[in-house]
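Source file: upload.pdb. Holds: PDB, C-alpha atoms, pLDDT in the B column.
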```pdb
ATOM      1  CA  MET A   1      34.683 115.574 103.724  1.00 49.00           C
ATOM      2  CA  SER A   2      33.849 112.017 102.741  1.00 59.00           C
ATOM      3  CA  ASP A   3      32.584 113.268  99.371  1.00 72.00           C
ATOM      4  CA  THR A   4      35.988 114.835  98.692  1.00 74.00           C
ATOM      5  CA  ASN A   5      37.774 111.664  99.767  1.00 75.00           C
ATOM      6  CA  THR A   6      35.529 109.614  97.492  1.00 77.00           C
ATOM      7  CA  LYS A   7      36.321 111.878  94.538  1.00 75.00           C
ATOM      8  CA  ILE A   8      40.055 111.659  95.237  1.00 74.00           C
ATOM      9  CA  ARG A   9      39.890 107.872  95.567  1.00 78.00           C
ATOM     10  CA  ARG A  10      37.894 107.576  92.333  1.00 80.00           C
ATOM     11  CA  TRP A  11      40.344 109.860  90.521  1.00 78.00           C
ATOM     12  CA  GLY A  12      43.233 107.733  91.794  1.00 80.00           C
ATOM     13  CA  LEU A  13      41.588 104.569  90.487  1.00 82.00           C
ATOM     14  CA  ASP A  14      40.884 106.223  87.134  1.00 84.00           C
ATOM     15  CA  HIS A  15      44.492 107.415  86.932  1.00 85.00           C
ATOM     16  CA  ALA A  16      45.789 103.912  87.708  1.00 88.00           C
ATOM     17  CA  GLN A  17      43.533 102.577  84.955  1.00 88.00           C
ATOM     18  CA  LEU A  18      44.925 105.178  82.528  1.00 89.00           C
ATOM     19  CA  ARG A  19      48.512 104.177  83.359  1.00 91.00           C
ATOM     20  CA  ALA A  20      47.640 100.510  82.807  1.00 91.00           C
ATOM     21  CA  GLU A  21      45.963 101.294  79.472  1.00 90.00           C
ATOM     22  CA  LEU A  22      48.988 103.289  78.325  1.00 90.00           C
ATOM     23  CA  GLU A  23      51.326 100.427  79.272  1.00 92.00           C
ATOM     24  CA  LEU A  24      49.193  97.985  77.277  1.00 90.00           C
ATOM     25  CA  ILE A  25      49.239 100.329  74.289  1.00 89.00           C
ATOM     26  CA  ARG A  26      53.009 100.733  74.525  1.00 87.00           C
ATOM     27  CA  ASP A  27      53.462  96.959  74.713  1.00 88.00           C
ATOM     28  CA  LYS A  28      51.193  96.456  71.718  1.00 86.00           C
ATOM     29  CA  TYR A  29      53.068  99.017  69.581  1.00 83.00           C
ATOM     30  CA  ALA A  30      56.587  98.325  70.821  1.00 78.00           C
ATOM     31  CA  ASP A  31      58.322  98.905  67.454  1.00 70.00           C
ATOM     32  CA  GLU A  32      58.891 102.655  67.222  1.00 68.00           C
ATOM     33  CA  ASP A  33      61.014 102.409  64.074  1.00 77.00           C
ATOM     34  CA  ASP A  34      57.931 101.882  61.933  1.00 80.00           C
ATOM     35  CA  PHE A  35      56.257 105.239  61.313  1.00 85.00           C
ATOM     36  CA  GLU A  36      52.783 103.747  60.847  1.00 85.00           C
ATOM     37  CA  GLU A  37      52.937 101.832  64.134  1.00 84.00           C
ATOM     38  CA  ALA A  38      54.251 104.895  65.959  1.00 85.00           C
ATOM     39  CA  LEU A  39      51.357 106.938  64.562  1.00 88.00           C
ATOM     40  CA  GLU A  40      48.805 104.294  65.589  1.00 89.00           C
ATOM     41  CA  ARG A  41      50.366 104.219  69.058  1.00 89.00           C
ATOM     42  CA  LEU A  42      50.082 107.988  69.319  1.00 90.00           C
ATOM     43  CA  TYR A  43      46.406 107.924  68.310  1.00 93.00           C
ATOM     44  CA  ALA A  44      45.668 105.113  70.770  1.00 92.00           C
ATOM     45  CA  GLU A  45      47.403 106.993  73.607  1.00 92.00           C
ATOM     46  CA  LEU A  46      45.552 110.201  72.801  1.00 93.00           C
ATOM     47  CA  ALA A  47      42.220 108.330  72.763  1.00 93.00           C
ATOM     48  CA  ALA A  48      43.002 106.753  76.160  1.00 92.00           C
ATOM     49  CA  ILE A  49      43.934 110.138  77.629  1.00 91.00           C
ATOM     50  CA  GLU A  50      40.775 111.740  76.240  1.00 92.00           C
ATOM     51  CA  ASP A  51      38.651 108.944  77.743  1.00 90.00           C
ATOM     52  CA  PHE A  52      40.383 109.560  81.078  1.00 88.00           C
ATOM     53  CA  ARG A  53      39.585 113.272  80.898  1.00 88.00           C
ATOM     54  CA  ASN A  54      35.953 112.536  80.098  1.00 87.00           C
ATOM     55  CA  ARG A  55      35.721 110.179  83.090  1.00 81.00           C
ATOM     56  CA  VAL A  56      37.425 112.526  85.546  1.00 81.00           C
ATOM     57  CA  ILE A  57      36.203 115.975  84.601  1.00 80.00           C
ATOM     58  CA  GLU A  58      32.675 116.448  85.826  1.00 71.00           C
ATOM     59  CA  PRO A  59      30.336 118.672  83.855  1.00 66.00           C
ATOM     60  CA  PRO A  60      29.247 121.879  85.563  1.00 64.00           C
ATOM     61  CA  LYS A  61      26.141 121.584  87.700  1.00 69.00           C
ATOM     62  CA  TRP A  62      23.535 124.036  86.572  1.00 67.00           C
ATOM     63  CA  GLU A  63      21.221 125.439  89.162  1.00 57.00           C
TER      64      GLU A  63
END
```
Same coordinates, now as structure tokens:
Amino acid sequence: MSDTNTKIRRWGLDHAQLRAELELIRDKYADEDDFEEALERLYAELAAIEDFRNRVIEPPKWE
């Protein structure tokens, strides 16, 4: 039970970190009228989301 609670707590902290990273990215690339900045913002958001997935998703445990 405590192992499940620890995983949920860790996921919650990772998710809060992801939201904070996305807010920083959106503040950095605030001008959406410029196509190049919008594209850089998209790539930065996708990289942050992929890092989040790599942190949260655990690899399968082989026996």
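This file, filtered with the PyMOL selection byres ((chain A and resi 44-60) around 7), gives the residues A:Trp11, A:Asp14, A:Leu18, A:Leu22, A:Ile25, A:Glu40, A:Arg41, A:Leu42, A:Tyr43, A:Lys61, A:Trp62.
Between atom CA of A:Asn5 and atom CA of A:Arg19 there is a distance of 21.0 Å.
Taking atom CA of A:Ala38 and atom CA of A:Arg26 as the two end points, the separation is 9.6 Å.
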Please supply stretch 20-41 of chain A, rebuilt with N, CA and C atoms, as a tab-separated table (two decimals), in the coordinates of the input.
```
chain	number	residue	atom	x	y	z
A	20	ALA	N	47.67	101.90	83.28
A	20	ALA	CA	47.64	100.51	82.81
A	20	ALA	C	47.30	100.45	81.32
A	21	GLU	N	46.32	101.27	80.89
A	21	GLU	CA	45.96	101.29	79.47
A	21	GLU	C	47.13	101.76	78.62
A	22	LEU	N	47.84	102.79	79.09
A	22	LEU	CA	48.99	103.29	78.32
A	22	LEU	C	50.10	102.24	78.24
A	23	GLU	N	50.32	101.49	79.31
A	23	GLU	CA	51.33	100.43	79.27
A	23	GLU	C	50.94	99.34	78.28
A	24	LEU	N	49.65	98.98	78.25
A	24	LEU	CA	49.19	97.98	77.28
A	24	LEU	C	49.37	98.48	75.85
A	25	ILE	N	49.07	99.75	75.62
A	25	ILE	CA	49.24	100.33	74.29
A	25	ILE	C	50.71	100.32	73.90
A	26	ARG	N	51.58	100.70	74.83
A	26	ARG	CA	53.01	100.73	74.53
A	26	ARG	C	53.56	99.34	74.27
A	27	ASP	N	53.03	98.33	74.97
A	27	ASP	CA	53.46	96.96	74.71
A	27	ASP	C	52.97	96.47	73.36
A	28	LYS	N	51.76	96.89	73.00
A	28	LYS	CA	51.19	96.46	71.72
A	28	LYS	C	51.96	97.06	70.55
A	29	TYR	N	52.34	98.32	70.64
A	29	TYR	CA	53.07	99.02	69.58
A	29	TYR	C	54.50	99.26	70.04
A	30	ALA	N	55.23	98.20	70.27
A	30	ALA	CA	56.59	98.32	70.82
A	30	ALA	C	57.59	98.82	69.78
A	31	ASP	N	57.37	98.54	68.50
A	31	ASP	CA	58.32	98.90	67.45
A	31	ASP	C	58.12	100.37	67.07
A	32	GLU	N	59.02	101.23	67.52
A	32	GLU	CA	58.89	102.66	67.22
A	32	GLU	C	59.61	103.05	65.93
A	33	ASP	N	60.32	102.10	65.32
A	33	ASP	CA	61.01	102.41	64.07
A	33	ASP	C	60.05	102.54	62.91
A	34	ASP	N	58.93	101.82	62.98
A	34	ASP	CA	57.93	101.88	61.93
A	34	ASP	C	57.05	103.11	62.16
A	35	PHE	N	57.01	103.99	61.18
A	35	PHE	CA	56.26	105.24	61.31
A	35	PHE	C	54.77	104.98	61.50
A	36	GLU	N	54.22	104.02	60.75
A	36	GLU	CA	52.78	103.75	60.85
A	36	GLU	C	52.41	103.24	62.24
A	37	GLU	N	53.23	102.35	62.79
A	37	GLU	CA	52.94	101.83	64.13
A	37	GLU	C	53.08	102.93	65.19
A	38	ALA	N	54.07	103.79	65.01
A	38	ALA	CA	54.25	104.90	65.96
A	38	ALA	C	53.05	105.84	65.91
A	39	LEU	N	52.53	106.08	64.71
A	39	LEU	CA	51.36	106.94	64.56
A	39	LEU	C	50.12	106.29	65.19
A	40	GLU	N	49.94	104.99	64.97
A	40	GLU	CA	48.80	104.29	65.59
A	40	GLU	C	48.92	104.32	67.10
A	41	ARG	N	50.14	104.16	67.61
A	41	ARG	CA	50.37	104.22	69.06
A	41	ARG	C	50.00	105.60	69.60
```
